[in-house]
Every structure is written in structure tokens, then in C-alpha cells.
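What follows is the content of query29.txt (compact mmCIF, C-alpha atoms and all ligand atoms).
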```
# COMPACT_ATOMS: atom_id res chain seq x y z
CA MET A 1 -38.12 8.38 5.42
CA SER A 2 -36.94 8.19 9.02
CA ILE A 3 -33.94 6.59 10.73
CA LEU A 4 -33.40 5.99 14.45
CA ILE A 5 -29.84 5.33 15.64
CA LYS A 6 -30.74 3.79 18.98
CA ASP A 7 -28.65 3.75 22.17
CA VAL A 8 -25.45 4.92 20.55
CA LEU A 9 -22.41 6.71 21.96
CA ALA A 10 -22.30 10.01 20.08
CA VAL A 11 -19.95 12.99 19.76
CA LEU A 12 -22.18 15.93 20.67
CA GLU A 13 -21.79 19.66 21.29
CA LYS A 14 -21.44 20.50 24.99
CA GLY A 15 -21.11 24.22 25.66
CA ASP A 16 -18.18 25.32 23.50
CA GLY A 17 -16.66 21.85 23.51
CA LEU A 18 -17.39 18.29 22.44
CA ALA A 19 -18.54 15.44 24.65
CA VAL A 20 -19.35 11.78 24.11
CA GLU A 21 -22.73 10.71 25.50
CA GLU A 22 -24.99 7.73 25.11
CA THR A 23 -28.13 8.81 23.32
CA SER A 24 -30.40 8.12 20.34
CA ILE A 25 -30.46 10.13 17.12
CA TYR A 26 -33.64 10.56 15.09
CA ILE A 27 -33.46 11.53 11.44
CA GLU A 28 -36.37 12.62 9.27
CA ASN A 29 -35.66 12.93 5.55
CA ASP A 30 -32.30 14.79 5.33
CA THR A 31 -32.27 16.34 8.82
CA ILE A 32 -31.51 15.38 12.44
CA THR A 33 -34.79 16.25 14.18
CA ASP A 34 -34.32 14.82 17.67
CA ILE A 35 -31.50 13.71 19.96
CA GLY A 36 -32.30 11.71 23.08
CA ASP A 37 -35.60 9.89 22.58
CA ALA A 38 -34.95 6.16 22.05
CA GLY A 39 -38.65 5.30 21.97
CA ARG A 40 -39.60 6.73 18.58
CA SER A 41 -40.61 4.46 15.75
CA ALA A 42 -38.72 4.80 12.49
CA ASP A 43 -38.59 3.24 9.02
CA THR A 44 -35.03 2.09 9.76
CA VAL A 45 -33.64 1.39 13.23
CA ILE A 46 -29.85 1.09 13.64
CA ASP A 47 -28.72 -0.73 16.78
CA GLY A 48 -26.16 1.64 18.29
CA ARG A 49 -24.75 -0.64 20.97
CA ASN A 50 -20.94 -0.80 20.82
CA LYS A 51 -21.02 1.92 18.18
CA LEU A 52 -19.78 5.52 18.14
CA ALA A 53 -21.60 8.13 16.02
CA ILE A 54 -19.54 11.11 14.91
CA PRO A 55 -20.28 14.07 12.64
CA GLY A 56 -19.29 12.97 9.14
CA LEU A 57 -15.70 14.08 8.45
CA ILE A 58 -15.07 16.84 5.90
CA ASN A 59 -12.01 16.52 3.68
CA ASN A 60 -11.49 20.16 2.71
CA HIS A 61 -8.76 19.70 0.14
CA THR A 62 -8.46 16.86 -2.32
CA HIS A 63 -8.36 15.91 -5.99
CA ALA A 64 -10.45 12.74 -5.84
CA TYR A 65 -9.69 11.60 -9.43
CA MET A 66 -6.00 11.36 -8.49
CA THR A 67 -6.61 7.94 -6.93
CA LEU A 68 -5.66 6.87 -10.48
CA PHE A 69 -2.08 7.91 -9.68
CA ARG A 70 -1.85 6.29 -6.26
CA ASN A 71 1.66 4.87 -5.65
CA TYR A 72 2.67 5.86 -9.16
CA ALA A 73 5.20 8.63 -8.50
CA ASP A 74 6.57 8.21 -4.98
CA ASP A 75 9.78 9.29 -3.28
CA LEU A 76 10.40 12.11 -5.74
CA PRO A 77 11.07 15.82 -5.09
CA PHE A 78 7.97 18.02 -5.47
CA SER A 79 8.92 19.60 -8.82
CA ARG A 80 9.87 16.28 -10.43
CA TRP A 81 6.75 14.64 -8.94
CA LEU A 82 4.51 17.34 -10.47
CA PHE A 83 6.20 18.29 -13.74
CA ASP A 84 7.86 15.00 -14.77
CA LYS A 85 5.28 12.46 -13.62
CA ILE A 86 1.84 13.75 -12.62
CA LEU A 87 1.19 16.41 -15.28
CA PRO A 88 2.31 14.15 -18.19
CA ALA A 89 0.13 11.31 -16.81
CA GLU A 90 -2.81 13.70 -16.59
CA ASP A 91 -2.29 14.60 -20.25
CA GLY A 92 -3.14 10.98 -21.08
CA LEU A 93 -6.51 11.05 -19.31
CA ALA A 94 -9.46 10.31 -21.58
CA PRO A 95 -13.03 11.48 -20.97
CA GLY A 96 -14.55 9.27 -18.31
CA ASP A 97 -11.27 8.34 -16.61
CA SER A 98 -11.60 10.98 -13.94
CA TYR A 99 -15.18 9.85 -13.25
CA TRP A 100 -13.89 6.38 -12.27
CA GLY A 101 -10.97 7.85 -10.33
CA THR A 102 -13.43 10.00 -8.41
CA MET A 103 -15.72 7.02 -7.79
CA LEU A 104 -12.78 5.16 -6.23
CA GLY A 105 -11.94 8.25 -4.16
CA ILE A 106 -15.52 8.49 -2.93
CA MET A 107 -15.51 4.78 -2.02
CA GLU A 108 -12.40 5.29 0.07
CA MET A 109 -13.78 8.43 1.69
CA ILE A 110 -17.10 6.82 2.62
CA LYS A 111 -15.26 3.73 3.96
CA THR A 112 -13.31 6.00 6.30
CA GLY A 113 -16.14 8.24 7.50
CA THR A 114 -15.88 11.24 5.18
CA THR A 115 -19.28 12.63 4.20
CA CYS A 116 -18.21 15.82 2.42
CA PHE A 117 -15.16 16.80 0.39
CA THR A 118 -13.81 19.88 -1.35
CA ASP A 119 -12.41 18.94 -4.74
CA MET A 120 -10.33 20.56 -7.46
CA TYR A 121 -10.20 18.77 -10.83
CA ILE A 122 -9.54 19.15 -14.54
CA TYR A 123 -12.63 17.57 -16.16
CA ILE A 124 -16.02 19.07 -15.49
CA ASN A 125 -19.24 17.09 -15.03
CA GLU A 126 -17.35 13.92 -14.05
CA THR A 127 -16.85 14.65 -10.34
CA SER A 128 -20.31 16.17 -10.04
CA ARG A 129 -21.84 13.09 -11.72
CA ALA A 130 -20.01 10.79 -9.28
CA VAL A 131 -21.16 12.92 -6.32
CA ASP A 132 -24.74 12.92 -7.59
CA GLU A 133 -24.81 9.14 -8.09
CA THR A 134 -23.11 8.13 -4.85
CA GLY A 135 -25.03 10.49 -2.54
CA ILE A 136 -21.97 12.08 -0.89
CA ARG A 137 -21.79 15.86 -0.30
CA ALA A 138 -19.15 18.01 -2.01
CA CYS A 139 -17.89 21.47 -2.77
CA LEU A 140 -16.52 21.31 -6.32
CA SER A 141 -14.15 23.36 -8.41
CA ARG A 142 -12.65 23.23 -11.88
CA GLY A 143 -8.93 23.87 -11.38
CA LEU A 144 -8.05 27.08 -13.22
CA VAL A 145 -4.62 27.87 -14.62
CA GLY A 146 -3.82 30.70 -16.98
CA SER A 147 -1.94 33.87 -17.67
CA GLY A 148 -3.40 37.22 -18.64
CA ASP A 149 -6.16 36.74 -21.16
CA ASP A 150 -4.82 33.53 -22.72
CA GLU A 151 -7.24 31.25 -24.53
CA GLY A 152 -6.70 28.24 -22.23
CA GLY A 153 -7.57 30.27 -19.15
CA ARG A 154 -10.70 31.65 -20.82
CA ARG A 155 -11.79 28.15 -21.88
CA ARG A 156 -11.35 26.77 -18.36
CA LEU A 157 -13.35 29.63 -16.87
CA ASN A 158 -16.17 29.02 -19.38
CA GLU A 159 -16.15 25.31 -18.51
CA ALA A 160 -16.42 26.13 -14.81
CA LYS A 161 -19.31 28.48 -15.50
CA SER A 162 -21.29 26.02 -17.60
CA GLU A 163 -20.85 23.25 -15.03
CA ILE A 164 -22.14 25.49 -12.24
CA GLU A 165 -25.16 26.50 -14.31
CA TYR A 166 -25.97 22.87 -15.13
CA TRP A 167 -25.79 21.59 -11.54
CA LYS A 168 -27.51 24.51 -9.81
CA GLY A 169 -30.28 23.16 -7.52
CA LYS A 170 -29.69 19.51 -8.50
CA ALA A 171 -28.71 16.60 -6.16
CA ASN A 172 -30.84 18.02 -3.28
CA ASP A 173 -28.29 20.85 -3.00
CA ARG A 174 -25.55 18.44 -1.86
CA ILE A 175 -23.24 20.00 -4.46
CA SER A 176 -21.87 23.49 -4.00
CA PHE A 177 -19.17 25.21 -6.04
CA ILE A 178 -16.11 27.33 -5.41
CA ALA A 179 -13.71 29.11 -7.81
CA ALA A 180 -10.28 27.47 -7.93
CA PRO A 181 -7.33 29.39 -9.28
CA HIS A 182 -4.80 26.56 -8.94
CA ALA A 183 -1.90 28.46 -7.30
CA PRO A 184 0.02 31.75 -7.53
CA TYR A 185 2.71 29.98 -9.59
CA SER A 186 0.25 28.57 -12.16
CA CYS A 187 -2.00 31.66 -12.44
CA ASP A 188 -0.42 35.05 -13.05
CA ASP A 189 -1.70 38.21 -11.36
CA ARG A 190 -3.84 39.27 -14.32
CA PHE A 191 -5.51 35.87 -14.54
CA LEU A 192 -6.09 35.84 -10.77
CA LEU A 193 -8.00 39.12 -11.16
CA LYS A 194 -10.14 37.52 -13.89
CA VAL A 195 -10.92 34.54 -11.64
CA MET A 196 -11.91 36.94 -8.87
CA ASP A 197 -14.36 38.68 -11.21
CA PHE A 198 -15.78 35.27 -12.11
CA ALA A 199 -16.11 34.38 -8.39
CA LYS A 200 -17.86 37.65 -7.59
CA GLU A 201 -20.27 37.32 -10.53
CA ASN A 202 -21.22 33.81 -9.40
CA ASN A 203 -21.15 34.45 -5.65
CA LEU A 204 -18.35 31.93 -5.04
CA GLY A 205 -15.48 31.67 -2.62
CA ILE A 206 -11.88 30.88 -3.60
CA ASN A 207 -10.06 27.53 -3.34
CA ILE A 208 -6.30 27.86 -3.96
CA HIS A 209 -2.97 26.16 -3.18
CA LEU A 210 -0.78 28.60 -1.25
CA SER A 211 2.88 28.52 -0.17
CA GLU A 212 3.18 24.78 -0.58
CA SER A 213 6.89 24.57 -1.41
CA ARG A 214 10.07 26.64 -1.09
CA ASN A 215 10.30 26.68 -4.90
CA GLU A 216 6.97 28.46 -5.02
CA THR A 217 7.92 31.17 -2.53
CA ALA A 218 11.25 31.73 -4.36
CA GLU A 219 9.55 31.91 -7.77
CA ILE A 220 6.91 34.36 -6.55
CA TYR A 221 9.55 36.50 -4.88
CA ASP A 222 11.57 36.65 -8.13
CA LYS A 223 8.53 37.69 -10.11
CA TYR A 224 6.62 39.97 -7.71
CA LYS A 225 9.12 40.79 -4.91
CA CYS A 226 6.74 39.56 -2.22
CA THR A 227 5.46 36.32 -0.67
CA PRO A 228 2.57 34.36 -2.27
CA THR A 229 0.33 35.41 0.65
CA GLU A 230 1.27 39.10 0.20
CA LEU A 231 0.57 38.79 -3.54
CA LEU A 232 -2.94 37.41 -3.00
CA ASP A 233 -3.60 40.05 -0.35
CA ARG A 234 -2.42 42.81 -2.66
CA LEU A 235 -4.72 41.54 -5.43
CA GLY A 236 -7.70 41.52 -3.03
CA VAL A 237 -8.26 37.75 -3.21
CA PHE A 238 -8.84 37.53 0.55
CA GLU A 239 -11.81 39.89 0.32
CA LEU A 240 -13.60 36.74 -0.87
CA ASN A 241 -14.09 33.74 1.44
CA THR A 242 -10.88 31.81 0.77
CA LEU A 243 -9.76 28.24 1.40
CA ALA A 244 -5.96 28.29 1.22
CA ALA A 245 -4.51 24.79 1.05
CA HIS A 246 -1.10 23.94 2.55
CA CYS A 247 0.30 27.33 3.81
CA VAL A 248 3.55 25.57 4.73
CA HIS A 249 6.10 28.36 4.19
CA LEU A 250 4.74 31.48 5.87
CA THR A 251 6.45 34.56 7.28
CA ASP A 252 5.16 36.27 10.43
CA THR A 253 3.63 38.93 8.16
CA ASP A 254 1.87 36.18 6.17
CA ILE A 255 0.41 34.81 9.40
CA ASP A 256 -0.81 38.32 10.34
CA ILE A 257 -2.48 38.67 6.93
CA LEU A 258 -4.15 35.25 7.07
CA ALA A 259 -5.45 35.98 10.58
CA ASP A 260 -6.61 39.54 9.82
CA LYS A 261 -8.31 38.57 6.56
CA ARG A 262 -10.00 35.50 8.12
CA VAL A 263 -8.58 33.14 5.52
CA ASN A 264 -9.46 29.48 6.07
CA VAL A 265 -6.25 27.46 6.10
CA VAL A 266 -6.57 23.84 4.97
CA THR A 267 -3.59 21.89 6.23
CA CYS A 268 -2.61 18.67 4.45
CA PRO A 269 0.09 17.29 6.77
CA VAL A 270 0.67 13.92 5.10
CA SER A 271 1.01 15.36 1.59
CA ASN A 272 3.39 18.07 2.86
CA LEU A 273 5.55 15.44 4.56
CA LYS A 274 5.49 13.01 1.66
CA LEU A 275 6.52 15.60 -0.93
CA GLY A 276 9.27 16.86 1.37
CA ASN A 277 7.69 20.29 1.64
CA GLY A 278 7.80 20.53 5.44
CA THR A 279 5.12 21.24 8.02
CA ALA A 280 2.76 24.20 8.21
CA PRO A 281 2.86 26.47 11.30
CA ILE A 282 -0.54 25.18 12.41
CA ALA A 283 -0.05 25.72 16.15
CA LYS A 284 0.75 29.40 15.51
CA LEU A 285 -2.15 29.84 13.08
CA ALA A 286 -4.62 28.20 15.47
CA GLU A 287 -3.35 30.35 18.33
CA ARG A 288 -4.02 33.43 16.18
CA GLY A 289 -7.63 32.33 15.75
CA VAL A 290 -7.27 31.25 12.11
CA ASN A 291 -9.99 28.80 11.06
CA VAL A 292 -7.87 25.71 10.40
CA CYS A 293 -9.31 22.78 8.44
CA LEU A 294 -7.88 19.46 7.32
CA GLY A 295 -7.46 17.81 3.93
CA THR A 296 -5.75 14.78 2.44
CA ASP A 297 -4.78 16.36 -0.89
CA GLY A 298 -4.84 13.87 -3.78
CA ALA A 299 -3.96 10.19 -3.47
CA ALA A 300 -0.87 10.79 -5.64
CA SER A 301 0.74 12.62 -2.73
CA ASN A 302 -0.68 10.97 0.40
CA ASN A 303 -1.44 8.08 -0.70
CA MET A 304 -4.81 7.66 0.99
CA LEU A 305 -8.00 9.70 1.33
CA ASN A 306 -8.38 8.64 4.96
CA MET A 307 -9.12 11.56 7.26
CA PHE A 308 -8.31 9.50 10.38
CA LYS A 309 -4.73 9.20 9.16
CA GLU A 310 -4.70 12.97 8.63
CA LEU A 311 -6.20 13.56 12.07
CA GLN A 312 -3.49 11.47 13.67
CA PHE A 313 -0.71 13.30 11.83
CA VAL A 314 -2.07 16.79 12.52
CA THR A 315 -2.43 16.11 16.23
CA LEU A 316 1.03 14.50 16.49
CA ILE A 317 3.47 16.37 14.26
CA HIS A 318 2.92 19.81 15.77
CA LYS A 319 3.51 18.46 19.27
CA GLY A 320 6.86 17.19 18.05
CA LYS A 321 7.67 20.28 16.01
CA GLU A 322 6.84 22.74 18.81
CA GLU A 323 8.15 20.37 21.49
CA LYS A 324 4.89 20.90 23.36
CA ALA A 325 2.49 18.02 24.02
CA ASP A 326 -0.46 20.33 24.66
CA VAL A 327 -0.74 21.87 21.18
CA ILE A 328 -3.44 20.66 18.73
CA SER A 329 -5.48 18.45 21.05
CA ALA A 330 -7.58 15.55 19.81
CA GLU A 331 -10.68 17.72 20.14
CA GLU A 332 -9.10 20.59 18.22
CA GLY A 333 -8.03 18.23 15.43
CA LEU A 334 -11.55 16.82 15.28
CA ARG A 335 -12.89 20.38 14.91
CA PHE A 336 -10.50 20.91 11.97
CA ALA A 337 -12.16 17.93 10.25
CA THR A 338 -15.77 18.81 11.12
CA SER A 339 -17.19 22.16 12.29
CA ASN A 340 -14.21 24.33 11.20
CA ALA A 341 -14.38 22.74 7.75
CA ALA A 342 -18.14 23.34 7.54
CA LYS A 343 -17.65 26.98 8.54
CA ALA A 344 -15.03 27.42 5.80
CA LEU A 345 -17.57 26.20 3.25
CA GLY A 346 -20.25 28.60 4.54
CA LEU A 347 -22.19 25.56 5.81
CA GLY A 348 -21.42 25.99 9.52
CA ASP A 349 -25.11 26.04 10.44
CA ARG A 350 -25.95 22.94 8.39
CA ILE A 351 -23.17 20.34 8.63
CA GLY A 352 -20.18 19.41 10.82
CA LYS A 353 -22.12 18.71 14.05
CA ILE A 354 -24.54 16.13 15.36
CA LYS A 355 -27.19 18.60 16.38
CA THR A 356 -30.95 19.02 15.99
CA GLY A 357 -31.72 20.94 12.80
CA TYR A 358 -28.43 19.94 11.15
CA LYS A 359 -28.19 17.79 8.03
CA ALA A 360 -27.96 14.09 8.83
CA ASP A 361 -24.31 13.53 7.81
CA ILE A 362 -23.08 10.92 10.28
CA ALA A 363 -20.40 8.22 10.39
CA ILE A 364 -20.94 5.29 12.75
CA LEU A 365 -17.89 3.39 13.99
CA ASP A 366 -17.90 -0.16 15.27
CA ILE A 367 -15.87 0.26 18.45
CA ASP A 368 -15.98 -3.33 19.63
CA LYS A 369 -12.30 -3.54 18.71
CA PRO A 370 -9.21 -4.05 20.87
CA GLN A 371 -7.95 -0.51 20.24
CA TYR A 372 -11.22 0.84 21.70
CA TYR A 373 -10.85 -0.75 25.17
CA PRO A 374 -10.91 0.59 27.82
CA ARG A 375 -13.04 3.59 26.86
CA ASN A 376 -11.27 6.21 28.94
CA ASN A 377 -11.58 9.03 26.43
CA LEU A 378 -13.33 8.46 23.12
CA LEU A 379 -12.37 11.87 21.66
CA SER A 380 -8.73 10.92 22.17
CA ALA A 381 -9.44 7.51 20.66
CA LEU A 382 -10.70 9.17 17.46
CA ALA A 383 -7.39 10.99 16.98
CA TYR A 384 -4.90 8.51 18.37
CA SER A 385 -6.41 5.00 18.22
CA THR A 386 -8.52 4.91 15.06
CA CYS A 387 -7.41 3.53 11.66
CA GLY A 388 -10.59 4.33 9.73
CA ASP A 389 -11.77 0.79 9.05
CA GLU A 390 -13.81 0.98 12.26
CA VAL A 391 -16.36 2.97 10.21
CA SER A 392 -19.21 0.59 9.41
CA THR A 393 -22.21 2.76 8.50
CA VAL A 394 -22.33 6.16 6.83
CA ILE A 395 -25.32 8.45 6.39
CA VAL A 396 -25.29 11.56 4.18
CA ASP A 397 -28.25 13.89 3.79
CA GLY A 398 -30.40 11.35 5.65
CA LYS A 399 -29.57 8.55 3.22
CA ILE A 400 -27.59 5.45 4.19
CA LEU A 401 -24.61 5.21 1.77
CA MET A 402 -22.84 2.36 3.58
CA LYS A 403 -24.54 -0.11 5.93
CA ASP A 404 -22.52 -2.63 7.93
CA ASN A 405 -19.57 -2.10 5.53
CA GLU A 406 -21.66 -2.59 2.38
CA PHE A 407 -21.96 0.22 -0.15
CA MET A 408 -25.60 1.00 -0.91
CA THR A 409 -25.08 3.31 -3.90
CA ILE A 410 -21.81 2.07 -5.45
CA ASP A 411 -21.02 -1.08 -7.42
CA SER A 412 -17.51 -1.42 -5.98
CA GLU A 413 -16.47 -4.33 -8.24
CA LYS A 414 -17.34 -2.28 -11.32
CA VAL A 415 -15.30 0.66 -10.00
CA LYS A 416 -12.25 -1.52 -9.31
CA TYR A 417 -12.52 -3.19 -12.74
CA ASN A 418 -12.57 0.18 -14.52
CA ILE A 419 -9.73 1.58 -12.40
CA ASN A 420 -7.45 -1.34 -13.31
CA LYS A 421 -8.31 -0.95 -16.99
CA ILE A 422 -7.50 2.77 -16.95
CA ALA A 423 -4.24 2.29 -15.02
CA ASP A 424 -3.14 -0.40 -17.53
CA ARG A 425 -3.63 2.04 -20.38
CA LEU A 426 -2.37 5.18 -18.68
CA LEU A 427 0.59 4.27 -16.53
CA LYS A 428 2.30 1.32 -18.18
ZN ZN A 501 -3.95 20.02 -3.92
```
Can the structure from this file be put into C-alpha cells for me?
Amino acid sequence: MSILIKDVLAVLEKGDGLAVEETSIYIENDTITDIGDAGRSADTVIDGRNKLAIPGLINNHTHAYMTLFRNYADDLPFSRWLFDKILPAEDGLAPGDSYWGTMLGIMEMIKTGTTCFTDMYIYINETSRAVDETGIRACLSRGLVGSGDDEGGRRRLNEAKSEIEYWKGKANDRISFIAAPHAPYSCDDRFLLKVMDFAKENNLGINIHLSESRNETAEIYDKYKCTPTELLDRLGVFELNTLAAHCVHLTDTDIDILADKRVNVVTCPVSNLKLGNGTAPIAKLAERGVNVCLGTDGAASNNMLNMFKELQFVTLIHKGKEEKADVISAEEGLRFATSNAAKALGLGDRIGKIKTGYKADIAILDIDKPQYYPRNNLLSALAYSTCGDEVSTVIVDGKILMKDNEFMTIDSEKVKYNINKIADRLLK
């Protein structure tokens, strides 16, 4: 199978930076094999005029099934949101519910140009099945909570292990796994050590929520007399490749640790704002060379899985917070959502760039829209002028998942029907 995206404006690597150039992109099977030659014949030719091809966006922190709780528990403080509303609603989930929630999440992500996501969930084999069927790429993790050697923690670890064994080598390797101790406040130190053993045995990195709220930092201080970041460092968690989501409340020492230990920080600006948790010190972290990535978090705290919204927030709020208009440029924000995210997943030489030899994960935007004229700077336009519904065609692993706004692998009416049925049962 081959695809030619002909005469398209494309975001390409130029030296250390990004540049937009008119070109043609040739895809054979799952890989980009040529950039530049418009004269090649292909099984499928996509007319690229008035279109902008970008590396597919990577949402490095979400809980896709949580679309089920979209607009269900809004305008509440973090602890009440989590403990009074979300966790009790999750207790009512039946097998299969999280599959449909994830399908809806994947629909929304594809619609807005996301081609890969990092997920943390509570039911195994449902997210992976949705990823397999839809053709999107994902790094998956069973959320792990536990204390010491308690039975629940052991069961969750065994579930994670069996899921990984089942999916190994399937779905053309689009699915990878990561170990996900939920957070320092939901996993005690002894359980965190057990999860680390599990990660080492299975050659996995770590996906964890870190320093999301002031409650968390206070609780950890009471219990361990240190910050959440110091606790994880003391336990040796950062010896493994770690994706730390949020990192809102950090001390200067925490920032030193995250920089020294090369922790990947996944900032979720909209979720942090919506839950009243604040804003992460992203300008400082980026200045220290920390690999910063971007995520939406779940739709219960965002309430979208639209990485363009996230890109706009991350490039705007830190300018306001630092009172400096030159921090977190459009290009830097775009890196957070593409090549930095790929690097965090250990896939930096395979995804996150439109480049020969890279996997064909590409979003194509229809830019014949008022907000795209005049075309003074298309990198800026991606951060500051794009809503997400400009995305018209999405390719993952060389396969077209959405063509001219039509899903090719998802029966969207069936997904919406099932979502409404579940919400009627669960939330009313
Ligand atoms: Zn989260």
C-alpha cells in the first residue's frame, strides 16, 4: 500500500528547528519513504493544495474512558471532584463501558489530529481493544493503586502483567505499555517499590501523577517529611524512564531533581486550571532542559481531548504568568506535543516528525479557512489560530483513519448510541 500526499504545505525538520515548506510526502506501508518527489505513482493520492500536513499530535497524559464523565462534575474543588463524584461514578462502571468511553475518546482525538496517546485506566483489555480496532497508536497502562502487599494492589499488578503478555507483538506494534503507579498519595512507598520491580522485570517505564495539588504535597509532607518529587527520587523511581504528569507544585529542589534525573514532565494546563490546582512552572523546567510534553488529562477535568486547545493554553498561560511574551513559543509548544512526547515514550526515532524513515503518523489540516489567512507564519497559526476542527484527514502507521472528515475505522453512530446508554444508566 502506498499513499502520496501531493503538493502540500508540511511542517518539516530544518536544522534544529521546524519549518513549513511546500512538498510531497510518499508513504509505503507504515513508513514515510520519500519527501519531495510529487511525480511518484501511488495507490492513494491525496490532493494537498490548501492543506497543511503536521506530525500527528501525541497526547502524553489522558484517561480516554473518562469521556463518559464529561461535564458531569464541574466547578468543584479537586478533592470533592475526585472523591465525591468521579471515584463513586467509576465504581458503577460495568465491563465494556470503558471500551465505549475509550472509543469516544479516540474519535475526538483523531478528529483533532492526535495520532498517539498515553493512557492510564482501570479496566484492562478494553483500551487496547479500542486501539487495535481503530488503528490509532498508544502507550497503555493499568492504573495501579495499593499499599504494602495488599491484595488489591497485587491483583492490579497481575492484571497489568497479563494484559501486556496478551498484547505483545499484536496490532503491528502500535501498542506499547508503561507501568502506572497512580500517584504518591494513592500508592504507599512499599507498593511503589513493588511497582518498580514489576517495571524492571517487564522493561517498562513509569507513568505517574506527581505534585498535582497542594493537598497532595501537604499529605506527602505529613507522612514522609519530604515533597512528592523527593519521595520518588529517594525510592529510586527516576532511575527508570518516567513520565510525570502535572508537576504543578514544585520546589526549586524538585526542579533540580527532575532536571538531573531527566524526568519527562507532562503538563496538562487545562486540567490544572479547571480543577483549581494552579499552573506548573513550565518555563523554568524548559529552561533547565527538562523534556516537557503535553497532555489533556481525562475529559472529566478538561473537558476535551483536543491537543490544539492544550497547545494554545500552554503557549499563552506561561507568558502571562512569567510576564514575558517570549517564553514557550509556538514552535516549542508544538515540540511538546510531537517530538518531545515521542522521546519520552522511547519512540523519538520513529514518531513525532515528518521525516523519511519515520512512521507515517500525519494529520492533514484544511487551511482554506478565514483564520488561516494571510499565511504569515503557519507554526504560529498552529498554536494561536487553530481550533482543531481544521483537521480533515488523519493517517496512523500508514493507514488512513479519517478521510475528508469521515472515520474509516469507527462506526461513530454506534459509539454515540452506546455512550448515551451508559451515561443514562451510570450518571442519572
Ligand atoms: Zn491523570
Checklist entry - Can you tell me, as a list in words, what residues are no more than 12 Å from Ile86 of chain A when counting only C-alpha atoms, ignoring any on the same chain fewer than 3 positions away? => result Met66, Thr67, Leu68, Phe69, Arg70, Asn71, Tyr72, Ala73, Asp74, Leu76, Phe78, Ser79, Arg80, Trp81, Leu82, Phe83, Ala89, Glu90, Asp91, Gly92, Leu93, Gly298, Ala299, Ala300, Ser301, Leu426 and Leu427 of chain A
Can you tell me which residues sit at most 9 Å away from ligand ZN 501 (chain A), counting all atoms listed in the file, written as a PDB file with C-alpha atoms, keeping the file's coordinate frame?
```pdb
ATOM      1  CA  HIS A  61      -8.760  19.700   0.140  1.00  0.00           C
ATOM      2  CA  THR A  62      -8.460  16.860  -2.320  1.00  0.00           C
ATOM      3  CA  HIS A  63      -8.360  15.910  -5.990  1.00  0.00           C
ATOM      4  CA  ASP A 119     -12.410  18.940  -4.740  1.00  0.00           C
ATOM      5  CA  MET A 120     -10.330  20.560  -7.460  1.00  0.00           C
ATOM      6  CA  HIS A 182      -4.800  26.560  -8.940  1.00  0.00           C
ATOM      7  CA  ILE A 208      -6.300  27.860  -3.960  1.00  0.00           C
ATOM      8  CA  HIS A 209      -2.970  26.160  -3.180  1.00  0.00           C
ATOM      9  CA  ALA A 245      -4.510  24.790   1.050  1.00  0.00           C
ATOM     10  CA  HIS A 246      -1.100  23.940   2.550  1.00  0.00           C
ATOM     11  CA  CYS A 268      -2.610  18.670   4.450  1.00  0.00           C
ATOM     12  CA  SER A 271       1.010  15.360   1.590  1.00  0.00           C
ATOM     13  CA  GLY A 295      -7.460  17.810   3.930  1.00  0.00           C
ATOM     14  CA  THR A 296      -5.750  14.780   2.440  1.00  0.00           C
ATOM     15  CA  ASP A 297      -4.780  16.360  -0.890  1.00  0.00           C
ATOM     16  CA  GLY A 298      -4.840  13.870  -3.780  1.00  0.00           C
ATOM     17  CA  SER A 301       0.740  12.620  -2.730  1.00  0.00           C
TER      18      SER A 301
END
```
Next on the checklist: Between atom CA of Arg335 of chain A and atom CA of Cys116 of chain A, what distance in Å does the model show, to one decimal?
Outcome noted: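 Going from atom CA of Arg335 of chain A over to atom CA of Cys116 of chain A covers 14.3 Å.
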Item to check | Shell around Ala280 of chain A at 7 Å using all atoms listed in the file, local window under 4 positions removed, as a ChimeraX atom specification | outcome: /A:246-249
Item to check | Neighbour list for Pro77 of chain A as a list in words, cut-off 9 Å, all atoms listed in the file, skip fewer than 5 positions in-chain | outcome: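 Returned residues: Leu82, Leu275, Gly276 and Asn277 of chain A.
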Item to check | Distance criterion (all atoms listed in the file): nearest to Asp366 of chain A out of A:Gly105, A:Gly15, A:Gly388, A:Pro55 | outcome: A:Gly388
Checklist outcome for this item: Of A:Ile110, A:Ala259, A:Ala381, A:Ala423, the one nearest to Gln312 of chain A when counting only C-alpha atoms is A:Ala381
Next on the checklist: If we count only C-alpha atoms and set the cut-off at 12 Å, which residues sit around Ala286 of chain A, ignoring sequence neighbours fewer than 5 positions away in its own chain? Please answer as an MDAnalysis selection string.
Outcome noted: chainID A and resid 255:256 258:259 262:267 280:281 291:293 318 327:329 332:333 335:336 340
Item to check | Residue contacts of Asn60 of chain A (6 Å, all atoms listed in the file) excluding same-chain residues fewer than 5 positions away, as a list in words | outcome: Phe117, Thr118, Leu294 and Gly295 of chain A
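Picture a line from atom CA of Gly289 of chain A to atom CA of Ala53 of chain A; it runs 27.9 Å.
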Checklist entry - Nearest to Lys359 of chain A among A:Asp397, A:Asp149, A:Glu13, A:Glu133, with distances taken over only C-alpha atoms: which residue is it? => result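 The closest residue to Lys359 of chain A is A:Asp397.
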Next on the checklist: For a quick check of your reading of the model, name the residues lying within 12 Å of the coordinate (-29.2, 2.6, 16.7), counting all atoms listed in the file, and write them as a ChimeraX atom specification.
Outcome noted: /A:3-10,22-27,35-42,44-53,364-366,393
Checklist entry - How far is it from atom CA of Gly113 of chain A to atom CA of Pro370 of chain A, in Å with one decimal? => result 19.4 Å
Checklist entry - Which protein, DNA or RNA residues have an atom at most 7 Å from (-10.9, 27.6, -15.8), counting only C-alpha atoms? List them as a list in words. => result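 Protein, DNA and RNA residues close to (-10.9, 27.6, -15.8): Arg142, Gly143, Leu144, Val145, Gly153, Arg154, Arg155, Arg156, Leu157, Asn158, Glu159 and Ala160 of chain A.
Among the candidates A:Lys428, A:Arg174, A:Lys14, A:Lys319, the one nearest to Ile136 of chain A when counting all atoms listed in the file is A:Arg174.
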